[in-house]
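Asker: Enclosed is the structure file coords.cif (mmCIF, C-alpha atoms, pLDDT in the B column; chains and numbers go by the auth columns).
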data_model
#
loop_
_atom_site.group_PDB
_atom_site.id
_atom_site.type_symbol
_atom_site.label_atom_id
_atom_site.label_comp_id
_atom_site.label_asym_id
_atom_site.label_seq_id
_atom_site.Cartn_x
_atom_site.Cartn_y
_atom_site.Cartn_z
_atom_site.B_iso_or_equiv
_atom_site.auth_seq_id
_atom_site.auth_asym_id
ATOM 1 C CA MET A 1 118.839 128.878 102.016 52.00 1228 V
ATOM 2 C CA ASN A 2 115.950 131.236 102.666 69.00 1229 V
ATOM 3 C CA LEU A 3 113.543 130.880 105.579 70.00 1230 V
ATOM 4 C CA LEU A 4 110.773 129.253 103.521 66.00 1231 V
ATOM 5 C CA ASN A 5 113.098 126.598 102.101 70.00 1232 V
ATOM 6 C CA ARG A 6 114.413 125.831 105.606 74.00 1233 V
ATOM 7 C CA LEU A 7 110.851 125.576 106.892 72.00 1234 V
ATOM 8 C CA VAL A 8 109.646 123.104 104.266 72.00 1235 V
ATOM 9 C CA ALA A 9 112.866 121.064 104.399 74.00 1236 V
ATOM 10 C CA ASN A 10 111.887 120.112 107.956 75.00 1237 V
ATOM 11 C CA PRO A 11 109.137 117.429 108.022 73.00 1238 V
ATOM 12 C CA LEU A 12 107.198 119.362 110.677 79.00 1239 V
ATOM 13 C CA GLY A 13 107.452 122.540 108.602 81.00 1240 V
ATOM 14 C CA ALA A 14 106.302 120.689 105.496 80.00 1241 V
ATOM 15 C CA PHE A 15 103.357 119.281 107.450 81.00 1242 V
ATOM 16 C CA ALA A 16 102.482 122.763 108.734 85.00 1243 V
ATOM 17 C CA THR A 17 102.650 124.193 105.205 86.00 1244 V
ATOM 18 C CA LEU A 18 100.378 121.474 103.807 88.00 1245 V
ATOM 19 C CA THR A 19 97.980 121.916 106.729 90.00 1246 V
ATOM 20 C CA LEU A 20 97.774 125.666 106.123 92.00 1247 V
ATOM 21 C CA ALA A 21 97.228 125.132 102.401 92.00 1248 V
ATOM 22 C CA ALA A 22 94.494 122.555 103.050 94.00 1249 V
ATOM 23 C CA TYR A 23 92.796 124.874 105.519 94.00 1250 V
ATOM 24 C CA LEU A 24 92.863 127.739 103.010 96.00 1251 V
ATOM 25 C CA GLU A 25 91.489 125.589 100.189 94.00 1252 V
ATOM 26 C CA ALA A 26 88.675 124.090 102.259 94.00 1253 V
ATOM 27 C CA HIS A 27 87.833 127.485 103.739 94.00 1254 V
ATOM 28 C CA GLY A 28 87.872 129.178 100.331 96.00 1255 V
ATOM 29 C CA ASP A 29 85.622 126.455 98.920 95.00 1256 V
ATOM 30 C CA SER A 30 83.239 126.940 101.837 95.00 1257 V
ATOM 31 C CA PHE A 31 82.980 130.642 100.943 96.00 1258 V
ATOM 32 C CA PHE A 32 81.727 129.630 97.491 96.00 1259 V
ATOM 33 C CA GLN A 33 79.258 127.216 99.102 94.00 1260 V
ATOM 34 C CA VAL A 34 77.872 130.048 101.232 95.00 1261 V
ATOM 35 C CA GLY A 35 77.861 132.433 98.276 96.00 1262 V
ATOM 36 C CA PHE A 36 76.068 130.068 95.916 96.00 1263 V
ATOM 37 C CA TYR A 37 73.552 128.471 98.264 95.00 1264 V
ATOM 38 C CA ARG A 38 73.127 130.570 101.405 94.00 1265 V
ATOM 39 C CA SER A 39 73.163 134.197 100.298 95.00 1266 V
ATOM 40 C CA THR A 40 71.742 136.565 97.686 95.00 1267 V
ATOM 41 C CA GLY A 41 72.537 139.887 96.061 95.00 1268 V
ATOM 42 C CA TRP A 42 75.713 141.708 97.044 97.00 1269 V
ATOM 43 C CA SER A 43 76.311 139.279 99.887 96.00 1270 V
ATOM 44 C CA ARG A 44 76.622 136.500 97.308 97.00 1271 V
ATOM 45 C CA VAL A 45 79.134 138.561 95.321 96.00 1272 V
ATOM 46 C CA LEU A 46 81.208 139.301 98.425 97.00 1273 V
ATOM 47 C CA TRP A 47 81.336 135.619 99.443 97.00 1274 V
ATOM 48 C CA VAL A 48 82.485 134.618 95.949 97.00 1275 V
ATOM 49 C CA VAL A 49 85.132 137.367 95.853 97.00 1276 V
ATOM 50 C CA ALA A 50 86.359 136.322 99.310 97.00 1277 V
ATOM 51 C CA GLY A 51 86.484 132.694 98.163 97.00 1278 V
ATOM 52 C CA THR A 52 88.505 133.705 95.108 97.00 1279 V
ATOM 53 C CA ALA A 53 91.022 135.603 97.241 98.00 1280 V
ATOM 54 C CA VAL A 54 91.424 132.764 99.743 97.00 1281 V
ATOM 55 C CA LEU A 55 91.850 130.177 96.963 97.00 1282 V
ATOM 56 C CA ALA A 56 94.521 132.366 95.324 97.00 1283 V
ATOM 57 C CA LEU A 57 96.341 132.455 98.665 95.00 1284 V
ATOM 58 C CA TYR A 58 96.018 128.654 98.926 94.00 1285 V
ATOM 59 C CA GLY A 59 97.529 128.277 95.438 91.00 1286 V
ATOM 60 C CA THR A 60 100.473 130.392 96.500 89.00 1287 V
ATOM 61 C CA VAL A 61 101.089 128.545 99.774 88.00 1288 V
ATOM 62 C CA VAL A 62 100.914 125.074 98.244 85.00 1289 V
ATOM 63 C CA ASN A 63 103.137 125.934 95.261 80.00 1290 V
ATOM 64 C CA VAL A 64 105.883 128.119 96.739 75.00 1291 V
ATOM 65 C CA PRO A 65 107.917 125.183 98.118 73.00 1292 V
ATOM 66 C CA ARG A 66 109.940 123.321 95.474 72.00 1293 V
ATOM 67 C CA TRP A 67 108.634 119.847 96.232 76.00 1294 V
ATOM 68 C CA ASP A 68 108.092 116.952 93.846 80.00 1295 V
ATOM 69 C CA PHE A 69 104.671 117.946 92.484 79.00 1296 V
ATOM 70 C CA GLY A 70 103.196 114.430 92.219 81.00 1297 V
ATOM 71 C CA LYS A 71 104.272 113.427 95.700 80.00 1298 V
ATOM 72 C CA LEU A 72 103.207 116.790 97.101 80.00 1299 V
ATOM 73 C CA LEU A 73 99.680 116.547 95.779 81.00 1300 V
ATOM 74 C CA GLY A 74 99.390 112.892 96.757 82.00 1301 V
ATOM 75 C CA VAL A 75 100.119 113.764 100.372 84.00 1302 V
ATOM 76 C CA TYR A 76 98.206 117.037 100.158 88.00 1303 V
ATOM 77 C CA VAL A 77 94.975 115.221 99.217 92.00 1304 V
ATOM 78 C CA VAL A 78 94.988 113.651 102.684 93.00 1305 V
ATOM 79 C CA MET A 79 95.296 117.021 104.374 92.00 1306 V
ATOM 80 C CA PHE A 80 92.604 118.511 102.158 94.00 1307 V
ATOM 81 C CA PHE A 81 90.221 115.623 102.897 96.00 1308 V
ATOM 82 C CA LEU A 82 90.686 116.073 106.642 95.00 1309 V
ATOM 83 C CA MET A 83 90.250 119.861 106.471 94.00 1310 V
ATOM 84 C CA ALA A 84 87.174 119.497 104.268 94.00 1311 V
ATOM 85 C CA GLN A 85 85.580 117.217 106.853 96.00 1312 V
ATOM 86 C CA LEU A 86 86.411 119.701 109.599 94.00 1313 V
ATOM 87 C CA GLN A 87 84.895 122.559 107.565 93.00 1314 V
ATOM 88 C CA ALA A 88 81.770 120.509 106.816 94.00 1315 V
ATOM 89 C CA ARG A 89 81.281 119.873 110.522 95.00 1316 V
ATOM 90 C CA VAL A 90 82.111 123.337 111.866 94.00 1317 V
ATOM 91 C CA ARG A 91 80.617 125.590 109.166 91.00 1318 V
ATOM 92 C CA PHE A 92 77.700 123.493 107.949 92.00 1319 V
ATOM 93 C CA GLY A 93 76.909 121.077 110.789 95.00 1320 V
ATOM 94 C CA GLN A 94 77.448 118.037 108.543 95.00 1321 V
ATOM 95 C CA SER A 95 78.755 114.846 110.127 95.00 1322 V
ATOM 96 C CA PRO A 96 80.695 112.218 108.153 95.00 1323 V
ATOM 97 C CA THR A 97 78.756 109.155 107.057 97.00 1324 V
ATOM 98 C CA ALA A 98 80.027 105.572 106.924 97.00 1325 V
ATOM 99 C CA PRO A 99 81.085 105.884 103.245 97.00 1326 V
ATOM 100 C CA ILE A 100 83.055 109.030 104.090 97.00 1327 V
ATOM 101 C CA TYR A 101 84.832 107.238 106.935 97.00 1328 V
ATOM 102 C CA VAL A 102 85.670 104.230 104.735 98.00 1329 V
ATOM 103 C CA GLY A 103 86.700 106.291 101.716 97.00 1330 V
ATOM 104 C CA GLY A 104 88.606 108.675 103.957 97.00 1331 V
ATOM 105 C CA GLY A 105 90.480 105.753 105.466 97.00 1332 V
ATOM 106 C CA LEU A 106 91.540 104.742 101.955 97.00 1333 V
ATOM 107 C CA ILE A 107 92.630 108.312 101.205 96.00 1334 V
ATOM 108 C CA VAL A 108 94.725 108.445 104.378 95.00 1335 V
ATOM 109 C CA ALA A 109 96.222 105.006 103.661 96.00 1336 V
ATOM 110 C CA GLY A 110 97.166 106.141 100.147 94.00 1337 V
ATOM 111 C CA GLY A 111 98.763 109.291 101.504 91.00 1338 V
ATOM 112 C CA LEU A 112 100.840 107.256 103.935 90.00 1339 V
ATOM 113 C CA VAL A 113 102.047 105.007 101.091 91.00 1340 V
ATOM 114 C CA ILE A 114 102.992 108.048 98.991 87.00 1341 V
ATOM 115 C CA ALA A 115 104.752 109.775 101.888 83.00 1342 V
ATOM 116 C CA PHE A 116 106.695 106.873 103.345 85.00 1343 V
ATOM 117 C CA TRP A 117 107.316 104.242 100.641 86.00 1344 V
ATOM 118 C CA ARG A 118 110.982 104.509 99.730 83.00 1345 V
ATOM 119 C CA VAL A 119 111.977 103.291 96.276 79.00 1346 V
#
Transcribe the structure of this file into structure tokens.
Answerer:
Amino acid sequence: MNLLNRLVANPLGAFATLTLAAYLEAHGDSFFQVGFYRSTGWSRVLWVVAGTAVLALYGTVVNVPRWDFGKLLGVYVVMFFLMAQLQARVRFGQSPTAPIYVGGGLIVAGGLVIAFWRV
């Protein structure tokens, strides 16, 4: 078993992998946000190219492990939601509103059902 398979077979390793993937996706998306709405000219092009590269890296990280795809993405959505909120706060100074807290609670609850409900 190679190192990557051993890493993701461990629940902590799987969590770390999903966290890294969520960080990369949210960060890559934020590069597009900056490129589209907060820059012009060549700066805009560079932000979009950087976003493309980071999102390609995200796609690699999230898809290298051989997990059940439906379950993976169900749990991954939780990590992405949390990372997106962190990016919104840190990069753009945006605080969550009540609907984001309520909807986010539902997202987290759904992720817990997907991750821990044994059939």
Asker: For Leu1234 in chain V, list every protein, DNA or RNA residue within 12 Å, evaluated using all atoms listed in the file, and leave out those in the same chain fewer than 4 positions away; present the list as a list in words.
Answerer: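 The filter keeps Met1228, Asn1229, Leu1230, Pro1238, Leu1239, Gly1240, Ala1241, Phe1242, Ala1243, Thr1244, Leu1245, Val1291, Pro1292 and Arg1293 of chain V.
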Asker: One number please: CA of Tyr1285 in chain V to CA of Ala1249 in chain V, in Å, one decimal.
Answerer: 7.5 Å
Asker: Within 10 Å of range 1310-1329 of chain V, which residues of range 1234-1291 of chain V show up? Give each one with its shortest atom-to-atom distance in Å (one decimal) and the two atoms involved, counting all atoms listed in the file, rows by chain then rising residue number, as JSON lines.
Answerer:
{"residue": "V:Thr1246", "atom": "CA", "partner": "V:Met1310", "partner_atom": "CA", "distance": 8.0}
{"residue": "V:Leu1247", "atom": "CA", "partner": "V:Met1310", "partner_atom": "CA", "distance": 9.5}
{"residue": "V:Ala1248", "atom": "CA", "partner": "V:Met1310", "partner_atom": "CA", "distance": 9.6}
{"residue": "V:Ala1249", "atom": "CA", "partner": "V:Met1310", "partner_atom": "CA", "distance": 6.1}
{"residue": "V:Tyr1250", "atom": "CA", "partner": "V:Met1310", "partner_atom": "CA", "distance": 5.7}
{"residue": "V:Leu1251", "atom": "CA", "partner": "V:Met1310", "partner_atom": "CA", "distance": 9.0}
{"residue": "V:Glu1252", "atom": "CA", "partner": "V:Ala1311", "partner_atom": "CA", "distance": 8.5}
{"residue": "V:Ala1253", "atom": "CA", "partner": "V:Ala1311", "partner_atom": "CA", "distance": 5.2}
{"residue": "V:His1254", "atom": "CA", "partner": "V:Gln1314", "partner_atom": "CA", "distance": 6.9}
{"residue": "V:Asp1256", "atom": "CA", "partner": "V:Ala1311", "partner_atom": "CA", "distance": 8.9}
{"residue": "V:Ser1257", "atom": "CA", "partner": "V:Gln1314", "partner_atom": "CA", "distance": 7.4}
{"residue": "V:Phe1258", "atom": "CA", "partner": "V:Arg1318", "partner_atom": "CA", "distance": 9.9}
{"residue": "V:Gln1260", "atom": "CA", "partner": "V:Phe1319", "partner_atom": "CA", "distance": 9.7}
{"residue": "V:Val1261", "atom": "CA", "partner": "V:Phe1319", "partner_atom": "CA", "distance": 9.4}
Asker: Can those selected residues be exported to a file as a CSV table (one decimal), keeping the file's coordinate frame so that it contains C-alpha atoms?
Answerer:
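For reference, part10.csv as written:
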chain,number,residue,atom,x,y,z
V,1246,THR,CA,98.0,121.9,106.7
V,1247,LEU,CA,97.8,125.7,106.1
V,1248,ALA,CA,97.2,125.1,102.4
V,1249,ALA,CA,94.5,122.6,103.0
V,1250,TYR,CA,92.8,124.9,105.5
V,1251,LEU,CA,92.9,127.7,103.0
V,1252,GLU,CA,91.5,125.6,100.2
V,1253,ALA,CA,88.7,124.1,102.3
V,1254,HIS,CA,87.8,127.5,103.7
V,1256,ASP,CA,85.6,126.5,98.9
V,1257,SER,CA,83.2,126.9,101.8
V,1258,PHE,CA,83.0,130.6,100.9
V,1260,GLN,CA,79.3,127.2,99.1
V,1261,VAL,CA,77.9,130.0,101.2
Asker: Can you translate the PyMOL selection byres ((chain V and resi 1304) around 12) into the concrete residues it hits in this file, as a JSON list (two decimals) with C-alpha atoms, in the coordinates of the input?
Answerer:
[["chain", "number", "residue", "atom", "x", "y", "z"],
["V", 1245, "LEU", "CA", 100.38, 121.47, 103.81],
["V", 1246, "THR", "CA", 97.98, 121.92, 106.73],
["V", 1248, "ALA", "CA", 97.23, 125.13, 102.40],
["V", 1249, "ALA", "CA", 94.49, 122.56, 103.05],
["V", 1250, "TYR", "CA", 92.80, 124.87, 105.52],
["V", 1252, "GLU", "CA", 91.49, 125.59, 100.19],
["V", 1253, "ALA", "CA", 88.68, 124.09, 102.26],
["V", 1289, "VAL", "CA", 100.91, 125.07, 98.24],
["V", 1297, "GLY", "CA", 103.20, 114.43, 92.22],
["V", 1298, "LYS", "CA", 104.27, 113.43, 95.70],
["V", 1299, "LEU", "CA", 103.21, 116.79, 97.10],
["V", 1300, "LEU", "CA", 99.68, 116.55, 95.78],
["V", 1301, "GLY", "CA", 99.39, 112.89, 96.76],
["V", 1302, "VAL", "CA", 100.12, 113.76, 100.37],
["V", 1303, "TYR", "CA", 98.21, 117.04, 100.16],
["V", 1305, "VAL", "CA", 94.99, 113.65, 102.68],
["V", 1306, "MET", "CA", 95.30, 117.02, 104.37],
["V", 1307, "PHE", "CA", 92.60, 118.51, 102.16],
["V", 1308, "PHE", "CA", 90.22, 115.62, 102.90],
["V", 1309, "LEU", "CA", 90.69, 116.07, 106.64],
["V", 1310, "MET", "CA", 90.25, 119.86, 106.47],
["V", 1311, "ALA", "CA", 87.17, 119.50, 104.27],
["V", 1331, "GLY", "CA", 88.61, 108.68, 103.96],
["V", 1333, "LEU", "CA", 91.54, 104.74, 101.96],
["V", 1334, "ILE", "CA", 92.63, 108.31, 101.20],
["V", 1335, "VAL", "CA", 94.72, 108.44, 104.38],
["V", 1336, "ALA", "CA", 96.22, 105.01, 103.66],
["V", 1337, "GLY", "CA", 97.17, 106.14, 100.15],
["V", 1338, "GLY", "CA", 98.76, 109.29, 101.50],
["V", 1339, "LEU", "CA", 100.84, 107.26, 103.94],
["V", 1341, "ILE", "CA", 102.99, 108.05, 98.99],
["V", 1342, "ALA", "CA", 104.75, 109.78, 101.89]]
Asker: Kindly provide, as a VMD selection string, the polymer residues lying within 8 Å of (81.1, 134.8, 96.4), counting only C-alpha atoms and using the coordinates exactly as they appear in the file.
Answerer: chain V and resid 1258 to 1259 1261 to 1263 1270 to 1279
Asker: Would you put the residues from that selection into a file with C-alpha atoms, as an mmCIF file, in the frame of the given file?
Answerer:
data_model
loop_
_atom_site.group_PDB
_atom_site.id
_atom_site.type_symbol
_atom_site.label_atom_id
_atom_site.label_comp_id
_atom_site.auth_asym_id
_atom_site.auth_seq_id
_atom_site.Cartn_x
_atom_site.Cartn_y
_atom_site.Cartn_z
ATOM 1 C CA PHE V 1258 82.980 130.642 100.943
ATOM 2 C CA PHE V 1259 81.727 129.630 97.491
ATOM 3 C CA VAL V 1261 77.872 130.048 101.232
ATOM 4 C CA GLY V 1262 77.861 132.433 98.276
ATOM 5 C CA PHE V 1263 76.068 130.068 95.916
ATOM 6 C CA SER V 1270 76.311 139.279 99.887
ATOM 7 C CA ARG V 1271 76.622 136.500 97.308
ATOM 8 C CA VAL V 1272 79.134 138.561 95.321
ATOM 9 C CA LEU V 1273 81.208 139.301 98.425
ATOM 10 C CA TRP V 1274 81.336 135.619 99.443
ATOM 11 C CA VAL V 1275 82.485 134.618 95.949
ATOM 12 C CA VAL V 1276 85.132 137.367 95.853
ATOM 13 C CA ALA V 1277 86.359 136.322 99.310
ATOM 14 C CA GLY V 1278 86.484 132.694 98.163
ATOM 15 C CA THR V 1279 88.505 133.705 95.108
#
Asker: Please enclose the listed atoms of range 1254-1257 of chain V in an axis-aligned box, pad each side by 3 Å, and write out the centre and the three edge lengths in Å, rounded to one decimal, as JSON.
Answerer:
{"center_x": 85.6, "center_y": 127.8, "center_z": 101.3, "size_x": 10.6, "size_y": 8.7, "size_z": 10.8}
